[in-house]
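Listing of model_2.pdb; format and content: PDB, C-alpha atoms and all ligand atoms.
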ATOM      1  CA  MET A  24      22.736  -3.743   6.208  1.00  0.00           C
ATOM      2  CA  ASP A  25      22.201  -0.197   7.442  1.00  0.00           C
ATOM      3  CA  PHE A  26      18.694   1.056   7.015  1.00  0.00           C
ATOM      4  CA  ASN A  27      17.518   4.642   7.378  1.00  0.00           C
ATOM      5  CA  PHE A  28      13.791   5.078   6.811  1.00  0.00           C
ATOM      6  CA  ASP A  29      14.023   8.867   6.749  1.00  0.00           C
ATOM      7  CA  ALA A  30      16.657   8.808   4.019  1.00  0.00           C
ATOM      8  CA  LEU A  31      14.348   7.035   1.550  1.00  0.00           C
ATOM      9  CA  ASP A  32      12.953   9.130  -1.285  1.00  0.00           C
ATOM     10  CA  HIS A  33       9.326   8.654  -0.257  1.00  0.00           C
ATOM     11  CA  VAL A  34       8.011  10.984  -2.960  1.00  0.00           C
ATOM     12  CA  PHE A  35       9.862   9.156  -5.733  1.00  0.00           C
ATOM     13  CA  PHE A  36       8.542   5.741  -4.674  1.00  0.00           C
ATOM     14  CA  MET A  37       5.011   7.022  -4.103  1.00  0.00           C
ATOM     15  CA  ARG A  38       5.021   8.424  -7.640  1.00  0.00           C
ATOM     16  CA  GLU A  39       5.754   4.885  -8.835  1.00  0.00           C
ATOM     17  CA  ALA A  40       2.806   3.597  -6.776  1.00  0.00           C
ATOM     18  CA  LEU A  41       0.631   6.330  -8.307  1.00  0.00           C
ATOM     19  CA  LYS A  42       1.599   5.117 -11.786  1.00  0.00           C
ATOM     20  CA  GLU A  43       0.191   1.713 -10.841  1.00  0.00           C
ATOM     21  CA  ALA A  44      -2.952   3.403  -9.505  1.00  0.00           C
ATOM     22  CA  GLN A  45      -3.349   5.218 -12.807  1.00  0.00           C
ATOM     23  CA  LEU A  46      -3.094   1.922 -14.718  1.00  0.00           C
ATOM     24  CA  ALA A  47      -5.731   0.409 -12.437  1.00  0.00           C
ATOM     25  CA  MET A  48      -8.020   3.358 -13.045  1.00  0.00           C
ATOM     26  CA  GLN A  49      -7.558   3.109 -16.810  1.00  0.00           C
ATOM     27  CA  ALA A  50      -8.630  -0.531 -16.563  1.00  0.00           C
ATOM     28  CA  GLY A  51     -11.809   0.462 -14.727  1.00  0.00           C
ATOM     29  CA  GLU A  52     -10.575  -0.625 -11.287  1.00  0.00           C
ATOM     30  CA  ARG A  53     -10.250   1.445  -8.142  1.00  0.00           C
ATOM     31  CA  PRO A  54      -7.255   3.787  -8.451  1.00  0.00           C
ATOM     32  CA  ILE A  55      -4.948   2.003  -6.038  1.00  0.00           C
ATOM     33  CA  GLY A  56      -1.322   1.077  -6.663  1.00  0.00           C
ATOM     34  CA  ALA A  57       1.585  -0.175  -4.591  1.00  0.00           C
ATOM     35  CA  VAL A  58       5.295  -0.813  -4.906  1.00  0.00           C
ATOM     36  CA  ILE A  59       7.619  -2.695  -2.574  1.00  0.00           C
ATOM     37  CA  VAL A  60      11.128  -1.398  -2.012  1.00  0.00           C
ATOM     38  CA  HIS A  61      14.011  -3.466  -0.681  1.00  0.00           C
ATOM     39  CA  ARG A  62      17.557  -2.167  -0.240  1.00  0.00           C
ATOM     40  CA  GLY A  63      16.694   0.965  -2.186  1.00  0.00           C
ATOM     41  CA  LYS A  64      15.190  -0.779  -5.212  1.00  0.00           C
ATOM     42  CA  ILE A  65      11.652  -1.514  -6.340  1.00  0.00           C
ATOM     43  CA  VAL A  66      11.296  -5.300  -6.175  1.00  0.00           C
ATOM     44  CA  GLY A  67       7.563  -5.617  -6.747  1.00  0.00           C
ATOM     45  CA  ARG A  68       4.603  -3.714  -8.091  1.00  0.00           C
ATOM     46  CA  GLY A  69       0.887  -4.230  -7.798  1.00  0.00           C
ATOM     47  CA  ARG A  70      -2.409  -2.564  -8.503  1.00  0.00           C
ATOM     48  CA  ALA A  71      -6.073  -3.188  -7.963  1.00  0.00           C
ATOM     49  CA  GLU A  72      -6.433  -5.856 -10.615  1.00  0.00           C
ATOM     50  CA  HIS A  73      -8.485  -9.036 -10.772  1.00  0.00           C
ATOM     51  CA  GLN A  74      -6.496 -10.724 -13.530  1.00  0.00           C
ATOM     52  CA  GLY A  75      -9.601 -12.245 -15.066  1.00  0.00           C
ATOM     53  CA  ARG A  76     -11.001 -13.785 -11.888  1.00  0.00           C
ATOM     54  CA  PRO A  77     -13.883 -12.146 -10.063  1.00  0.00           C
ATOM     55  CA  SER A  78     -12.555 -11.368  -6.597  1.00  0.00           C
ATOM     56  CA  ARG A  79     -12.877  -8.733  -3.931  1.00  0.00           C
ATOM     57  CA  LEU A  80      -9.441  -9.671  -2.609  1.00  0.00           C
ATOM     58  CA  ALA A  81      -7.336  -8.463  -5.547  1.00  0.00           C
ATOM     59  CA  HIS A  82      -5.987  -5.441  -3.728  1.00  0.00           C
ATOM     60  CA  ALA A  83      -2.913  -3.545  -4.901  1.00  0.00           C
ATOM     61  CA  GLU A  84      -0.882  -4.308  -1.779  1.00  0.00           C
ATOM     62  CA  LEU A  85      -1.723  -8.017  -1.818  1.00  0.00           C
ATOM     63  CA  ASN A  86      -0.857  -8.213  -5.521  1.00  0.00           C
ATOM     64  CA  ALA A  87       2.454  -6.433  -4.865  1.00  0.00           C
ATOM     65  CA  LEU A  88       3.247  -8.783  -1.974  1.00  0.00           C
ATOM     66  CA  LEU A  89       2.458 -11.837  -4.090  1.00  0.00           C
ATOM     67  CA  ALA A  90       4.613 -10.472  -6.923  1.00  0.00           C
ATOM     68  CA  THR A  91       7.469  -9.960  -4.477  1.00  0.00           C
ATOM     69  CA  ALA A  92       7.110 -13.005  -2.274  1.00  0.00           C
ATOM     70  CA  ALA A  93       9.725 -15.182  -3.952  1.00  0.00           C
ATOM     71  CA  SER A  94      12.437 -12.541  -4.216  1.00  0.00           C
ATOM     72  CA  LEU A  95      12.029 -11.468  -0.587  1.00  0.00           C
ATOM     73  CA  TYR A  96      11.604 -14.941   0.869  1.00  0.00           C
ATOM     74  CA  ASP A  97      15.246 -15.123   1.916  1.00  0.00           C
ATOM     75  CA  PHE A  98      15.191 -11.646   3.467  1.00  0.00           C
ATOM     76  CA  PRO A  99      12.890 -11.804   6.481  1.00  0.00           C
ATOM     77  CA  HIS A 100      12.834  -8.696   8.646  1.00  0.00           C
ATOM     78  CA  ASP A 101      15.174  -6.883   6.297  1.00  0.00           C
ATOM     79  CA  ASN A 102      13.338  -3.558   6.206  1.00  0.00           C
ATOM     80  CA  GLY A 103      11.206  -3.919   3.123  1.00  0.00           C
ATOM     81  CA  VAL A 104       8.989  -0.901   2.557  1.00  0.00           C
ATOM     82  CA  ILE A 105       5.588  -0.823   0.892  1.00  0.00           C
ATOM     83  CA  TYR A 106       4.353   2.373  -0.731  1.00  0.00           C
ATOM     84  CA  THR A 107       0.639   2.370  -1.383  1.00  0.00           C
ATOM     85  CA  THR A 108      -1.659   5.100  -2.619  1.00  0.00           C
ATOM     86  CA  LEU A 109      -4.365   4.222  -0.076  1.00  0.00           C
ATOM     87  CA  GLU A 110      -3.931   3.171   3.544  1.00  0.00           C
ATOM     88  CA  PRO A 111      -3.930  -0.651   3.625  1.00  0.00           C
ATOM     89  CA  CYS A 112      -7.130  -2.443   4.611  1.00  0.00           C
ATOM     90  CA  GLU A 113      -7.091  -4.988   7.443  1.00  0.00           C
ATOM     91  CA  MET A 114      -6.474  -7.846   4.994  1.00  0.00           C
ATOM     92  CA  CYS A 115      -3.490  -6.155   3.370  1.00  0.00           C
ATOM     93  CA  LEU A 116      -2.015  -4.974   6.659  1.00  0.00           C
ATOM     94  CA  GLY A 117      -2.310  -8.553   7.883  1.00  0.00           C
ATOM     95  CA  ALA A 118      -0.618  -9.797   4.703  1.00  0.00           C
ATOM     96  CA  ILE A 119       2.174  -7.239   5.128  1.00  0.00           C
ATOM     97  CA  VAL A 120       2.763  -8.550   8.660  1.00  0.00           C
ATOM     98  CA  MET A 121       2.628 -12.174   7.560  1.00  0.00           C
ATOM     99  CA  SER A 122       5.036 -11.538   4.669  1.00  0.00           C
ATOM    100  CA  ASP A 123       7.836 -11.158   7.247  1.00  0.00           C
ATOM    101  CA  ALA A 124       9.547  -9.081   4.556  1.00  0.00           C
ATOM    102  CA  VAL A 125       7.899  -5.667   4.780  1.00  0.00           C
ATOM    103  CA  ASN A 126       8.436  -3.719   7.977  1.00  0.00           C
ATOM    104  CA  HIS A 127       7.498  -0.200   6.907  1.00  0.00           C
ATOM    105  CA  VAL A 128       4.286   1.176   5.437  1.00  0.00           C
ATOM    106  CA  VAL A 129       4.002   4.478   3.600  1.00  0.00           C
ATOM    107  CA  PHE A 130       0.653   5.538   2.170  1.00  0.00           C
ATOM    108  CA  ALA A 131      -0.846   8.558   0.459  1.00  0.00           C
ATOM    109  CA  LEU A 132      -4.495   8.772   1.461  1.00  0.00           C
ATOM    110  CA  SER A 133      -5.863   7.634   4.841  1.00  0.00           C
ATOM    111  CA  ASP A 134      -8.803   5.236   4.775  1.00  0.00           C
ATOM    112  CA  ARG A 135     -11.235   6.537   7.360  1.00  0.00           C
ATOM    113  CA  TRP A 136     -13.900   4.114   6.131  1.00  0.00           C
ATOM    114  CA  ILE A 137     -11.968   0.992   7.136  1.00  0.00           C
ATOM    115  CA  ASN A 138      -9.536   2.604   9.603  1.00  0.00           C
ATOM    116  CA  PRO A 139      -7.174  -0.320  10.213  1.00  0.00           C
ATOM    117  CA  GLN A 140      -5.168   1.494  12.890  1.00  0.00           C
ATOM    118  CA  PRO A 141      -6.733  -0.387  15.833  1.00  0.00           C
ATOM    119  CA  MET A 142      -4.877  -3.415  14.446  1.00  0.00           C
ATOM    120  CA  PHE A 143      -1.782  -1.903  16.040  1.00  0.00           C
ATOM    121  CA  ASP A 144      -3.274  -2.981  19.364  1.00  0.00           C
ATOM    122  CA  ILE A 145      -2.233  -6.488  18.306  1.00  0.00           C
ATOM    123  CA  PRO A 146       1.350  -7.012  19.531  1.00  0.00           C
ATOM    124  CA  HIS A 147       2.221  -9.164  16.514  1.00  0.00           C
ATOM    125  CA  VAL A 148       1.312  -6.277  14.204  1.00  0.00           C
ATOM    126  CA  ARG A 149       3.209  -3.748  16.322  1.00  0.00           C
ATOM    127  CA  ARG A 150       6.330  -5.900  16.369  1.00  0.00           C
ATOM    128  CA  HIS A 151       6.445  -6.185  12.580  1.00  0.00           C
ATOM    129  CA  ILE A 152       5.602  -2.658  11.443  1.00  0.00           C
ATOM    130  CA  HIS A 153       8.300  -0.194  12.486  1.00  0.00           C
ATOM    131  CA  ASN A 154       7.088   2.832  10.528  1.00  0.00           C
ATOM    132  CA  TYR A 155       3.535   3.675   9.478  1.00  0.00           C
ATOM    133  CA  MET A 156       3.293   6.986   7.703  1.00  0.00           C
ATOM    134  CA  GLY A 157       0.525   8.578   5.657  1.00  0.00           C
ATOM    135  CA  GLY A 158       0.092  11.765   3.675  1.00  0.00           C
ATOM    136  CA  VAL A 159       2.822  11.296   1.040  1.00  0.00           C
ATOM    137  CA  LEU A 160       1.429  12.724  -2.243  1.00  0.00           C
ATOM    138  CA  GLU A 161      -2.044  12.565  -0.721  1.00  0.00           C
ATOM    139  CA  ALA A 162      -3.379  15.253  -3.083  1.00  0.00           C
ATOM    140  CA  GLU A 163      -2.330  13.207  -6.125  1.00  0.00           C
ATOM    141  CA  SER A 164      -4.148  10.140  -4.820  1.00  0.00           C
ATOM    142  CA  ILE A 165      -7.235  12.217  -4.039  1.00  0.00           C
ATOM    143  CA  ALA A 166      -7.216  13.630  -7.574  1.00  0.00           C
ATOM    144  CA  LEU A 167      -7.354  10.111  -9.041  1.00  0.00           C
ATOM    145  CA  TRP A 168     -10.309   9.127  -6.850  1.00  0.00           C
ATOM    146  CA  GLN A 169     -12.041  12.412  -7.556  1.00  0.00           C
ATOM    147  CA  SER A 170     -11.841  11.832 -11.295  1.00  0.00           C
ATOM    148  CA  CYS A 171     -13.377   8.344 -11.263  1.00  0.00           C
ATOM    149  CA  ARG A 172     -15.070   7.520  -7.937  1.00  0.00           C
ATOM    150  CA  PRO A 173     -15.965  10.698  -6.039  1.00  0.00           C
ATOM    151  CA  ASP A 174     -18.611   8.962  -3.923  1.00  0.00           C
ATOM    152  CA  GLU A 175     -16.121   6.384  -2.658  1.00  0.00           C
ATOM    153  CA  LEU A 176     -13.618   9.153  -2.007  1.00  0.00           C
ATOM    154  CA  ALA A 177     -16.113  10.807   0.317  1.00  0.00           C
ATOM    155  CA  LEU A 178     -16.387   7.556   2.294  1.00  0.00           C
ATOM    156  CA  LEU A 179     -12.611   7.186   2.456  1.00  0.00           C
ATOM    157  CA  ARG A 180     -12.288  10.707   3.770  1.00  0.00           C
ATOM    158  CA  GLY A 181     -14.985  10.177   6.381  1.00  0.00           C
ATOM    159  CA  ILE A 182     -17.441  12.532   4.746  1.00  0.00           C
ATOM    160  CA  ASN A 183     -21.139  11.474   4.851  1.00  0.00           C
ATOM    161  CA  SER A 184     -20.347   8.350   6.837  1.00  0.00           C
TER
HETATM  162 ZN    ZN B 201      -6.393  -4.267   0.970  1.00  0.00          ZN
END
Please go through the file and, once you have read it, give me the structure as structure tokens.
Amino acid sequence: MDFNFDALDHVFFMREALKEAQLAMQAGERPIGAVIVHRGKIVGRGRAEHQGRPSRLAHAELNALLATAASLYDFPHDNGVIYTTLEPCEMCLGAIVMSDAVNHVVFALSDRWINPQPMFDIPHVRRHIHNYMGGVLEAESIALWQSCRPDELALLRGINS
């Protein structure tokens, strides 16, 4: 199937990810949300959410990937796109690669605290991720962090680190 990354409505899908981030924030979690898009449709959603179990691994992107895993299992390397309100951490970027289903990453706010970009030195990561683009609705993501976790926002933005 034809795929044109530039023709996707990045703003529309990032707004959907921001809705998830808002729900996370309202639940007292970090304001991070993600949606996964396949063939022009949202096929999975996730947010920072522990679902009753204490865990530091319950990231929005991982939750979205787990929610989507079954429906995308038969579509490896078929140009799935993840929209996330914060640049993925090393765990989530690794999970995106290992999903075999998501080949494009769009994020709002860069994470200068973790800075996962050196992972692109790994050929396996480079082969799987065809687009990696930040800055989509960045101001909206910043506003969420500013309203609930300004100190963590400063770390994410590389201020005071
Ligand atoms: Zn993560």
Evaluate the PyMOL selection byres (((not hetatm)) within 12 of (chain B and resi 201)) and record the selected residues as a PDB file with C-alpha atoms, in the coordinates of the input, following the chain and residue labels used in the document.
ATOM      1  CA  ARG A  53     -10.250   1.445  -8.142  1.00  0.00           C
ATOM      2  CA  ILE A  55      -4.948   2.003  -6.038  1.00  0.00           C
ATOM      3  CA  GLY A  56      -1.322   1.077  -6.663  1.00  0.00           C
ATOM      4  CA  ALA A  57       1.585  -0.175  -4.591  1.00  0.00           C
ATOM      5  CA  GLY A  69       0.887  -4.230  -7.798  1.00  0.00           C
ATOM      6  CA  ARG A  70      -2.409  -2.564  -8.503  1.00  0.00           C
ATOM      7  CA  ALA A  71      -6.073  -3.188  -7.963  1.00  0.00           C
ATOM      8  CA  GLU A  72      -6.433  -5.856 -10.615  1.00  0.00           C
ATOM      9  CA  ARG A  79     -12.877  -8.733  -3.931  1.00  0.00           C
ATOM     10  CA  LEU A  80      -9.441  -9.671  -2.609  1.00  0.00           C
ATOM     11  CA  ALA A  81      -7.336  -8.463  -5.547  1.00  0.00           C
ATOM     12  CA  HIS A  82      -5.987  -5.441  -3.728  1.00  0.00           C
ATOM     13  CA  ALA A  83      -2.913  -3.545  -4.901  1.00  0.00           C
ATOM     14  CA  GLU A  84      -0.882  -4.308  -1.779  1.00  0.00           C
ATOM     15  CA  LEU A  85      -1.723  -8.017  -1.818  1.00  0.00           C
ATOM     16  CA  ASN A  86      -0.857  -8.213  -5.521  1.00  0.00           C
ATOM     17  CA  ALA A  87       2.454  -6.433  -4.865  1.00  0.00           C
ATOM     18  CA  LEU A  88       3.247  -8.783  -1.974  1.00  0.00           C
ATOM     19  CA  THR A 107       0.639   2.370  -1.383  1.00  0.00           C
ATOM     20  CA  THR A 108      -1.659   5.100  -2.619  1.00  0.00           C
ATOM     21  CA  LEU A 109      -4.365   4.222  -0.076  1.00  0.00           C
ATOM     22  CA  GLU A 110      -3.931   3.171   3.544  1.00  0.00           C
ATOM     23  CA  PRO A 111      -3.930  -0.651   3.625  1.00  0.00           C
ATOM     24  CA  CYS A 112      -7.130  -2.443   4.611  1.00  0.00           C
ATOM     25  CA  GLU A 113      -7.091  -4.988   7.443  1.00  0.00           C
ATOM     26  CA  MET A 114      -6.474  -7.846   4.994  1.00  0.00           C
ATOM     27  CA  CYS A 115      -3.490  -6.155   3.370  1.00  0.00           C
ATOM     28  CA  LEU A 116      -2.015  -4.974   6.659  1.00  0.00           C
ATOM     29  CA  GLY A 117      -2.310  -8.553   7.883  1.00  0.00           C
ATOM     30  CA  ALA A 118      -0.618  -9.797   4.703  1.00  0.00           C
ATOM     31  CA  ILE A 119       2.174  -7.239   5.128  1.00  0.00           C
ATOM     32  CA  ASP A 134      -8.803   5.236   4.775  1.00  0.00           C
ATOM     33  CA  ILE A 137     -11.968   0.992   7.136  1.00  0.00           C
ATOM     34  CA  ASN A 138      -9.536   2.604   9.603  1.00  0.00           C
ATOM     35  CA  PRO A 139      -7.174  -0.320  10.213  1.00  0.00           C
TER      36      PRO A 139
END
| task | Considering all atoms listed in the file, return as a ChimeraX atom specification whatever protein or nucleic-acid residues lie within 12 Å of Leu31 of chain A, sequence-local ones (same chain, fewer than 2 positions apart) excluded. | result | /A:26-29,33-37,60-65,102-106,127,129
| query | What would the list of residues within 12 Å of (-12.3, 7.5, 2.2) (file frame) look like as a PyMOL selection string, if only C-alpha atoms are what count? | reply | chain A and resi 108-112+131-138+161+164-165+168-169+172-184
| If you apply the PyMOL selection byres (((chain A and resi 91) around 8) and not hetatm) to this file, what residues do you get, as a ChimeraX atom specification? | /A:59,66-68,87-90,92-95
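The two atoms in question, atom CA of Val120 of chain A and atom CA of Asp101 of chain A, are spaced 12.7 Å apart.
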If the PyMOL selection byres (((chain A and resi 148) around 10) and not hetatm) were run on this exact file, what residues would it hold? Put them as a PDB file with C-alpha atoms, in the frame of the given file.
ATOM      1  CA  LEU A 116      -2.015  -4.974   6.659  1.00  0.00           C
ATOM      2  CA  GLY A 117      -2.310  -8.553   7.883  1.00  0.00           C
ATOM      3  CA  ILE A 119       2.174  -7.239   5.128  1.00  0.00           C
ATOM      4  CA  VAL A 120       2.763  -8.550   8.660  1.00  0.00           C
ATOM      5  CA  MET A 121       2.628 -12.174   7.560  1.00  0.00           C
ATOM      6  CA  ASN A 126       8.436  -3.719   7.977  1.00  0.00           C
ATOM      7  CA  MET A 142      -4.877  -3.415  14.446  1.00  0.00           C
ATOM      8  CA  PHE A 143      -1.782  -1.903  16.040  1.00  0.00           C
ATOM      9  CA  ASP A 144      -3.274  -2.981  19.364  1.00  0.00           C
ATOM     10  CA  ILE A 145      -2.233  -6.488  18.306  1.00  0.00           C
ATOM     11  CA  PRO A 146       1.350  -7.012  19.531  1.00  0.00           C
ATOM     12  CA  HIS A 147       2.221  -9.164  16.514  1.00  0.00           C
ATOM     13  CA  ARG A 149       3.209  -3.748  16.322  1.00  0.00           C
ATOM     14  CA  ARG A 150       6.330  -5.900  16.369  1.00  0.00           C
ATOM     15  CA  HIS A 151       6.445  -6.185  12.580  1.00  0.00           C
ATOM     16  CA  ILE A 152       5.602  -2.658  11.443  1.00  0.00           C
ATOM     17  CA  HIS A 153       8.300  -0.194  12.486  1.00  0.00           C
TER      18      HIS A 153
END
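Interatomic distance, atom CA of Val128 of chain A against atom CA of Gly51 of chain A: 25.8 Å.
Counting from atom CA of Val58 of chain A, the distance to atom CA of Glu39 of chain A is 6.9 Å.
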Please put the answer as lines of an AutoDock Vina configuration file: centre and edge lengths, in Å with one decimal, of a box along x, y and z that encloses all listed atoms of segment 96-103 of chain A plus 4 Å on each side.
center_x = 13.2
center_y = -9.3
center_z = 4.8
size_x = 12.0
size_y = 19.6
size_z = 15.8
